[in-house]
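Notes for the one structure printed next.
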Amino acid sequence: MDSFAIRKARQMRPPRNDGAARGDDESSVAQKVIGQGDKIIVMVDPYSTGCVVAQEALKRGYKLVVVWTNGVGENKTHIPTSCSDIHYYAEVNEKATVTETAIAATEAARPFKIVACICGGESGVAFCDALSEKLGVLTNGTDIPKRRDKKLQQELIKAAGLRSVRQAGSGKFEDVEEFLRSERYPDEEFLRSERYPVVVKPVESAGSDGVKLCHSFEEAKEHFHLLMNSQQRVGGSGAHAAVLCQEFLRGKEYVVDHVSLNGVHKTTMCWVYDKRPANGSAFVYFGLQPVDSESEEGKIIIPYIRGVLDAMGIKMDSKIIIPYIRGVLDAMGIKHGPTHGEVMMTPDGPCLVEMNCRAHGGDGNWVPMVRGLNGGYTQVSATIDAYMEPERFHALPDKTPSPFKAAGQECCLVSYSKGTVKSTPGYEVIKNLPSFVYLETRVGPGSDVEYTTDLFTDIGSAILLHEDPEVVNKDIAFIRYMEEINGFFTYETRQEILSRPRGDSIALSPALPRSPSKSPKIGKKVPPAHRRVFSSDGPMLFRHQSLDRPEMRPLVKRMTTVDASKEAVVIVNPYSTGCRVAKEIMTYYKVIALWSKGSTLEMRQQVPLGCSDLNYYAEVEDKGDVIQTVATIQQKAQLFRIVACICGGEMGSELTDAVSEKLGIRTNGTDLKRLNKKLQQDLIAAKGLRATRQAGGKSFSDVETFLRSESYPIVVKPTEYAGYDGAKLCHNFNEAKDHFDVLMAVQKGADAEVVCQEFLRGREYLVDNVSRDGEHKTTMVWVHDKRPANGSSFVYFGLLPVDSNSIEGSLVITYARAVLDTLGVRNGPSHTSIMMTDSGPCLIEMACHAHGGDGTWQPLVRALNGGYSQINATVDAYLDKQAFSVLPEKMPSPFKAAGQEVVLVSYSRGQVKATPGFEVIKSLRSFVYFETGVKVGSEVDYTVDPFTSIGSVILLHDDKDVLQEDLVRIRQMEKENTIFEYETGNDIMRSPSTGDLSSLSGLTITDTKKQPKQVFTSGRSDVYW
C-alpha cells in the first residue's frame, strides 16, 4: 500500500472488537464534513451493500429518510453486521402513487431539505428513478421506464450497435401460454431453433431470480410456466412479470463497478470470476479477482459497459472490457449513481449478461479490499461523492489505478466433503493468515455441509489483502489446500464402511439403513445412491469382457486322479469366484453344489460372466446336522466317488471342514472355529505374531474395560460373517456401545459375538494362497490403492499387484503363511488381509476361500504369473498333486506383464442419462474386463465407500506404458465427470455479485441447517479508516 494510504490508516479510530465487519468504515473525508446536518438523502430499499452506502452518508453528517417499496419483502431485514447500529431520521412505506410517496417523504424530512435520492437495493431501482424525478433531484429519469428489464437492456444495447444476447421474451402469462403452444409466436420459434442449452429467467432481477439453464424445449417450457406462476419477491409481480429466453453465453465472466454523474462514468473496480468445475458441477465459483484496468480485458470491457450505460440513458466517447461496459451504460441512459455490469467475454467480443443499477452486492464485504487496491476510494464512497460532493467525484481517477496499490481478492470457500459440523478449526487458520481481512460464513457447529456445486452450497467467503502479491498468492494456495484436505471442519462421526472391495459379503443390514442424501439445490431430493456392492449385488451387475484377448482363453487341464469320469467334487456355496472353481472342475468331474444355511437366493444367483452355463450334477441343502448332510450328498452322488470338498464362498468354510472331515477326504478339520475374527487374533497373538489389540464377547461387560482404555477410533464388528460385514469405525465410547448393541440384536445363533479392535493404520495388503497338506503356494499379493476422496478419509481406487521379491511382498508372504500355519489351514484356497503398520504386518482377517470379486482378476493373474492363478491352483491342490508340486512357491519376479484392477470413483451425482465413458473404457488397449451396477436411469452419488463406487475395470498389457496411459485416461474421465451424462437438473445461474440469495415461491431452497451469518474481521489498521 502506498504512503498516502498508510498515513490515512494511522488516522483511523481504534477498531471495534465486537466482531462486526469494518468493510463499511468508508469515510476518508468524514473529518471535513461542514454543514451537512441540514441535508436529507432519501435511500430507497437500503439493504445489503445499500446499508453500507447509507452508513457512509451518515458518517459524513447527512440525515437519511428511507423509503421502503412494496417489493422489498424480507430484504428489509437484510442488514450487514457492520451496519447493525444504523439509525435513520425517518422511514416511509411506498404509497399508492409516486406523487403520494414523494409528499410523504418530504413531510418525513421536515424541517430539512431532500437533496438526493439514491437506490439502495435491486427492488428499488425503478421506483428510485421515478421518485427522484418527482422530487426534482439528480435522477436517471423515467424516459426508459424499466431499466431492470433484462430483455429491454439487450434491445437498448443492440440498438446502440453493441454485442447483445440473442433472445426472445413475453410479458403476459396468457401470451406466454399461447406462444409456447404455437409456432407462430417468435418465442417458440426461438426455443425450437436456438442451440441448446438456453437460459430461461425473469425479465427483472430478483436476488436469486430463478435463472435456469435448460437443455431441451420441454424443460424450457416447464421453467417458463414455473416462473410465470411464481410470486416474484422483488418488484417483478403483477403486470410487469415476464420471462426471457436467451442464448447461453460461453466465456470468462466479468463484473465492472461504476459510479456516474451527469453521464461521466468512473470505473471503481473491474472483476473476473474464478469459475472451475468441482464436485460434478460444470462450474463452481471459487472467487472474484480484480482486473487491471490497463490489461487487454480491462481495455475492452470498461468502454463496453460505459456504452451500455449511455444506451440506457448517457453519452461519452471511450476506449475498448471497460470500453464496452461504458457503452452499455450510455445505451441504457444511466447518467447518475452506482452500477455493476456483468459481461461475458465471448469469442466474438464482450457481451452483456445484465446491468444492475445499484451498488455491487455481497453486503459490501469487498469495500476494505477495494479501498486498499485503489489507494483510498471505493464504489461506496464514490456514490456519496457523486450525489453530494461532485468536486470530489470529478477528482477521482477515470478508472482504477494500474498497477493496483496492493494485492487482494475474494475467495469463495468450496467444500469437497459433507457431514454435520462438529467444529470449524479451518476458520481459525484463515483468520491468522497474513493477508486476512474478512470472513463471512453461515456454517457453524451443527450445520449440515454439502459438497459445493453452486452458490447455495459454498461454505463462506474470505477477503484477502496485502501489499505483497506473493503473500496473497500463498494464502490463496493454502486455502485451496485446506479445501482439498477437508481441513475446514471436523464432522460428527457417521457409520464408515470398513468392508474391503474384495469381500464377497459386503451388504447392508436392515438394522443399519443408509439414508437417502438430500441435495441443497432448489427443491430436489436426491434418491438413494445406487449400491454397487462389488460381489453381493452380482445379479444386478452389468459385465463387459474383451473377446479378442488371448489371455482370456481358459486353460485346458488334464486331471490325473484315478478316473475322473467316475468321481465327484463337492463345492460348498459356489458363488462369485466359487463358480469359476466349479467350472474349472466340471469339465472332468461331476460337481455337487452344497448350500449352507443362510445362503440367500441373491447369493446363489451371483454367477460371474462366463459361468452362466454351469450344470451341477446335484444340489444339496445343508441339513443342519453334518451326518444327515453327508448322507444326502452320498445319496445324490450315487455311484460317483466323492474325492474333494472345496469351499466356494464365504459362510461355507466351516461346513466345508465338517463335511470333508466326515467324508474322510482332504480337510482342515474342525478343531478350530477359523471364521471367528476374535479367535484368529487370539491364536496368532499366542504364537508371538503381531496381532490386533481387542476384546470381544456376548455381553457388553466383556468389552467395556477395553473400550474405556483403548485409544479411539475403534473398530466394532461381528466375530463371524453374517451376510454383511457390519464393521463400523466408532469414535467414542457411546458410539461403540450403541453399535455393539445393534450387532448383538441383528446376529442370530448361540455363537453370536461382537469384537472390538484397535483401528489399524498403514497400507493394506491381500495375500492369496493355495495349500496342500500344509504346503503353501502364494499365487498373488495385492495392495489396496486407498486415497481420500469426496470428504471420505479413504476410498478404494484399485488393487495393485505386488512384486513377491519386494521388501513388503516378502514380509507379508512370510507373515501370511505363519498365520495359515497358526490357524491350521493346511488345504485349499485362502486370502489374508494384512495391514502394514509401523510395527510390522498385522492380521486384519483371514478367509478360507478363494479371493472374491467374481474372479474377474483371473485373466490378469494368469498373465502376470505366466499361466496360472489361484483358481486353477485350487483345483490342482485337491485333484492334481503333480501339477500342484510344480507350481512356483510364489509369483514370478518380475511379473510377465503389467496390469491391475481399477475401481471407478464418482466425483459427481445425478440421474444417468447416458454412459459414454463406458465405451471409452472398453476401447482402451489394455482393457480386459469391466463390471458395473450403473445403467441409464441409475442414481449415481459421490463415491465415499465401496457401496458408492461406479464399477471396476481389469487392465492388462505387455507394455507398462500402455497400461499407465490407459489408467491416466480413466482417472481423467473421473475428474472431468465424463463417464456419464446426467439428466439435467436445476442449474443455478446466479453469480455471487448479486448478493442476496433468496428464493421465489415454487423455487425453494432445501434447509441445510445453516447457522445465522457469522463474520470475522482482522482489525488490521492498514485497511480501515
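As shown in the C-alpha cells, the chain order sets the letters A, B, ...; within each chain, residues go from 1, and ligands are also counted from 1 in the order they appear.
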Please, which residues in region 241-277 of chain A fall within 12 Å of region 138-159 of chain A when counting only C-alpha atoms, and what is the closest atom pair and distance in Å to one decimal for each, ordered by chain then residue number, as CSV?
```
residue,atom,partner,partner_atom,distance
A:Ala241,CA,A:Asp149,CA,9.6
A:Ala242,CA,A:Asp149,CA,8.9
A:Val243,CA,A:Lys151,CA,8.8
A:Leu244,CA,A:Lys151,CA,6.6
A:Cys245,CA,A:Lys151,CA,8.9
A:Gln246,CA,A:Lys151,CA,8.9
A:Glu247,CA,A:Gln154,CA,11.8
A:Ser260,CA,A:Asn140,CA,10.2
A:Leu261,CA,A:Leu138,CA,8.8
A:Asn262,CA,A:Leu138,CA,8.7
A:Gly263,CA,A:Asn140,CA,9.7
```
Could you give me, as CSV, every region 748-781 of chain A residue with an atom at most 9 Å from region 850-858 of chain A, plus its closest atom pair and distance in Å to one decimal, counting only C-alpha atoms, rows ordered by chain then number?
```
residue,atom,partner,partner_atom,distance
A:Leu766,CA,A:His851,CA,9.0
A:Val767,CA,A:His851,CA,8.9
A:Asp768,CA,A:His851,CA,6.6
A:Asn769,CA,A:Ala850,CA,8.3
A:Val770,CA,A:Ala850,CA,8.4
```
Keeping only all heavy atoms, write the selected residues as a short mmCIF file (atom, residue, chain, number, x, y, z; two decimals), in the first residue's frame.
```
data_model
loop_
_atom_site.label_atom_id
_atom_site.label_comp_id
_atom_site.auth_asym_id
_atom_site.auth_seq_id
_atom_site.Cartn_x
_atom_site.Cartn_y
_atom_site.Cartn_z
N LEU A 766 -3.28 -57.84 0.54
CA LEU A 766 -4.09 -59.04 0.44
C LEU A 766 -3.22 -60.13 -0.17
O LEU A 766 -2.66 -59.95 -1.26
CB LEU A 766 -5.30 -58.77 -0.45
CG LEU A 766 -6.43 -59.79 -0.45
CD1 LEU A 766 -7.02 -59.95 0.94
CD2 LEU A 766 -7.51 -59.36 -1.44
N VAL A 767 -3.08 -61.25 0.54
CA VAL A 767 -2.21 -62.34 0.08
C VAL A 767 -3.06 -63.55 -0.26
O VAL A 767 -3.78 -64.08 0.61
CB VAL A 767 -1.17 -62.71 1.17
CG1 VAL A 767 -0.22 -63.78 0.63
CG2 VAL A 767 -0.39 -61.48 1.60
N ASP A 768 -3.00 -63.99 -1.52
CA ASP A 768 -3.74 -65.17 -1.97
C ASP A 768 -2.83 -66.39 -1.92
O ASP A 768 -1.74 -66.39 -2.52
CB ASP A 768 -4.24 -64.97 -3.40
CG ASP A 768 -5.23 -63.82 -3.53
OD1 ASP A 768 -5.79 -63.42 -2.49
OD2 ASP A 768 -5.42 -63.33 -4.66
N ASN A 769 -3.28 -67.42 -1.24
CA ASN A 769 -2.52 -68.66 -1.14
C ASN A 769 -3.39 -69.84 -1.53
O ASN A 769 -4.63 -69.77 -1.45
CB ASN A 769 -2.00 -68.88 0.29
CG ASN A 769 -0.74 -68.08 0.58
OD1 ASN A 769 0.34 -68.36 0.05
ND2 ASN A 769 -0.88 -67.07 1.44
N VAL A 770 -2.75 -70.93 -1.93
CA VAL A 770 -3.40 -72.23 -2.06
C VAL A 770 -2.51 -73.23 -1.34
O VAL A 770 -1.27 -73.22 -1.50
CB VAL A 770 -3.59 -72.65 -3.53
CG1 VAL A 770 -4.22 -74.03 -3.61
CG2 VAL A 770 -4.46 -71.62 -4.27
#
```
Just give me the gap between CA of Arg862 (chain A) and CA of Pro892 (chain A) in Å, one decimal is fine. 11.2 Å
Enter the distance from CA of Gln638 (chain A) to CA of Asp657 (chain A), in Å, rounded to one decimal. 22.0 Å
